[in-house]
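Colleague: To start, I am sharing the structure in question, which I have written as structure tokens.
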Amino acid sequence: MTTKERIVDEALTLFSRQGYKGTSVKNIADAVGIKDSSIYKHFKSKREIIDAIVDQMRRCMDQMSVDAGLPQEDNETAAAIYGRMTVEDLQQLSRKVFLFYLKDDFISRFWRLAVMEQYQNQEIYEIYRSIFFDQSIAYQTRLFAEMIRQGIFREADPRVLAMNFYAPIYFLLSKYNGRTDNVEEALQALDMQVAEFCRIYTVQERNSHI
């Protein structure tokens, strides 16, 4: 890694252990093995380091969506692709995404940081909420609305569908974060959740698919 990348990485580790306020620029410099003043050659402030952490996290998530095989097309095309999937296809896809969030070290450290800071640093928590709640629900709401329009899902409020799909998955991520010895248990629970969601919302005549 470059010095700038090491600063970001070490800062996230320290933030996730000591909190944002509990970590000084000197702490970060010591962890990287450079002088305090050298930090400012790359970042103007701790807040700018947080921005870099968020940027890297978004890049990780974008790459994950490609690696996992999530449809990258517009909503209309993506909805049709999901509509052709079987329940087993969707379970396998969900497993790939779930395991990324569960096991990716960068994401896990940011998750711990955000949970730690939710009552102390509203700004950091708002970033976390935007990424892991607002944006996820907004995307799924648009996708499910299109799937309803195409007759794949039953008539329902697409935002309610999005919350019903996402909330149990978020619960499982929260429950098993940091407990990689229980991965198979988590995946079995995930499979059951995906299958039940499809059973409830998929139009009857399309049950051979999702």
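Scheme for the structure tokens: letters A, B, ... for chains in order shown; per-chain residue numbers from 1; ligand numbers from 1 in order shown.
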Contacts of Ala162 of chain A at 7 Å or less, counting only C-alpha atoms, minus same-chain residues fewer than 2 places along, as a ChimeraX atom specification?

Modeller: /A:137,140-141,158-160,164-166

Colleague: Please, could you write that set of residues out with N, CA, C and O atoms as a tab-separated table (two decimals), in the first residue's frame?

Modeller:
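result_9.tsv written:
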```tsv
chain	number	residue	atom	x	y	z
A	137	ILE	N	-32.46	0.79	0.93
A	137	ILE	CA	-33.92	0.73	0.86
A	137	ILE	C	-34.42	1.44	-0.40
A	137	ILE	O	-35.35	0.97	-1.07
A	140	GLN	N	-33.78	-0.86	-3.45
A	140	GLN	CA	-34.68	-2.01	-3.46
A	140	GLN	C	-36.12	-1.59	-3.70
A	140	GLN	O	-36.88	-2.33	-4.34
A	141	THR	N	-36.50	-0.43	-3.21
A	141	THR	CA	-37.86	0.07	-3.46
A	141	THR	C	-38.09	0.27	-4.95
A	141	THR	O	-39.13	-0.14	-5.50
A	158	PRO	N	-44.06	-1.08	-2.57
A	158	PRO	CA	-42.68	-1.53	-2.81
A	158	PRO	C	-41.72	-1.17	-1.69
A	158	PRO	O	-40.75	-1.90	-1.43
A	159	ARG	N	-41.97	-0.06	-1.00
A	159	ARG	CA	-41.09	0.31	0.11
A	159	ARG	C	-41.26	-0.67	1.28
A	159	ARG	O	-40.29	-1.02	1.94
A	160	VAL	N	-42.49	-1.10	1.51
A	160	VAL	CA	-42.72	-2.10	2.56
A	160	VAL	C	-42.02	-3.40	2.19
A	160	VAL	O	-41.40	-4.06	3.04
A	164	ASN	N	-39.20	-5.26	4.35
A	164	ASN	CA	-39.42	-6.65	4.76
A	164	ASN	C	-38.29	-7.56	4.28
A	164	ASN	O	-37.96	-8.56	4.94
A	165	PHE	N	-37.70	-7.23	3.14
A	165	PHE	CA	-36.58	-8.03	2.64
A	165	PHE	C	-35.29	-7.69	3.37
A	165	PHE	O	-34.51	-8.58	3.75
A	166	TYR	N	-35.06	-6.40	3.59
A	166	TYR	CA	-33.76	-5.95	4.08
A	166	TYR	C	-33.61	-6.10	5.60
A	166	TYR	O	-32.53	-6.45	6.08
```

Colleague: Would you kindly return, as number ranges by chain, each protein, DNA or RNA residue with an atom no farther than 9 Å from any atom of Tyr176 of chain A, considering only C-alpha atoms and excluding same-chain residues fewer than 5 positions away?

Modeller: A: 102, 171, 182-183, 186

Colleague: Please provide the set of residues having any atom within 10 Å of Tyr128 of chain A, restricted to only C-alpha atoms, with same-chain residues fewer than 3 positions apart removed, written as a list in words.

Modeller: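 Everything that qualifies: Val54, Phe110, Trp111, Leu113, Ala114, Val115, Glu117, Gln118, Gln122, Glu123, Ile124, Tyr125, Ile131, Phe132, Phe133 and Asp134 of chain A.
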
Colleague: Okay, now the selection with C-alpha atoms, as a PDB file, in the first residue's frame?

Modeller:
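Written out: again38.pdb:
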```
ATOM      1  CA  VAL A  54     -16.109   6.209   2.904  1.00  0.00           C
ATOM      2  CA  PHE A 110     -16.385   0.608   9.498  1.00  0.00           C
ATOM      3  CA  TRP A 111     -19.484  -1.156  10.831  1.00  0.00           C
ATOM      4  CA  LEU A 113     -16.910   2.342  14.094  1.00  0.00           C
ATOM      5  CA  ALA A 114     -20.420   3.452  13.129  1.00  0.00           C
ATOM      6  CA  VAL A 115     -22.120   1.409  15.840  1.00  0.00           C
ATOM      7  CA  GLU A 117     -20.208   6.386  17.245  1.00  0.00           C
ATOM      8  CA  GLN A 118     -23.988   6.373  16.749  1.00  0.00           C
ATOM      9  CA  GLN A 122     -23.974  12.137  14.577  1.00  0.00           C
ATOM     10  CA  GLU A 123     -22.041  13.026  11.436  1.00  0.00           C
ATOM     11  CA  ILE A 124     -20.351   9.620  11.173  1.00  0.00           C
ATOM     12  CA  TYR A 125     -23.553   7.795  12.011  1.00  0.00           C
ATOM     13  CA  ILE A 131     -25.107   3.831   3.023  1.00  0.00           C
ATOM     14  CA  PHE A 132     -26.577   0.902   4.936  1.00  0.00           C
ATOM     15  CA  PHE A 133     -30.179   2.063   5.303  1.00  0.00           C
ATOM     16  CA  ASP A 134     -31.377   4.898   3.089  1.00  0.00           C
TER      17      ASP A 134
END
```

Colleague: Which residues are close to Ser65 of chain A, i.e. within 12 Å by only C-alpha atoms, leaving aside same-chain residues fewer than 5 positions away? Reply as a list of chain:residue names.

Modeller: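 Skipping anything fewer than 5 positions along the chain leaves A:Arg58, A:Arg59, A:Cys60, A:Leu70, A:Pro71, A:Gln72, A:Glu73, A:Leu93, A:Ser94, A:Lys96, A:Val97, A:Phe98, A:Phe100, A:Tyr101.
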
Colleague: Run DSSP on the backbone of this structure and report the residues of segment 20-187 of chain A it assigns to helix (DSSP H, G or I), as a PyMOL selection string.

Modeller: chain A and resi 25-32+36-39+46-67+75-83+87-103+105-117+122-149+158-176+180-187

Colleague: Between atom CA of Arg142 of chain A and atom CA of Asn75 of chain A, what is the distance in Å, rounded to a tenth?

Modeller: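 Separation between atom CA of Arg142 of chain A and atom CA of Asn75 of chain A: 7.2 Å.
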
Colleague: Can you work out the spacing between atom CA of Leu161 of chain A and atom CA of Phe197 of chain A in Å, to one decimal?

Modeller: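 We find that atom CA of Leu161 of chain A and atom CA of Phe197 of chain A lie 8.8 Å from each other.
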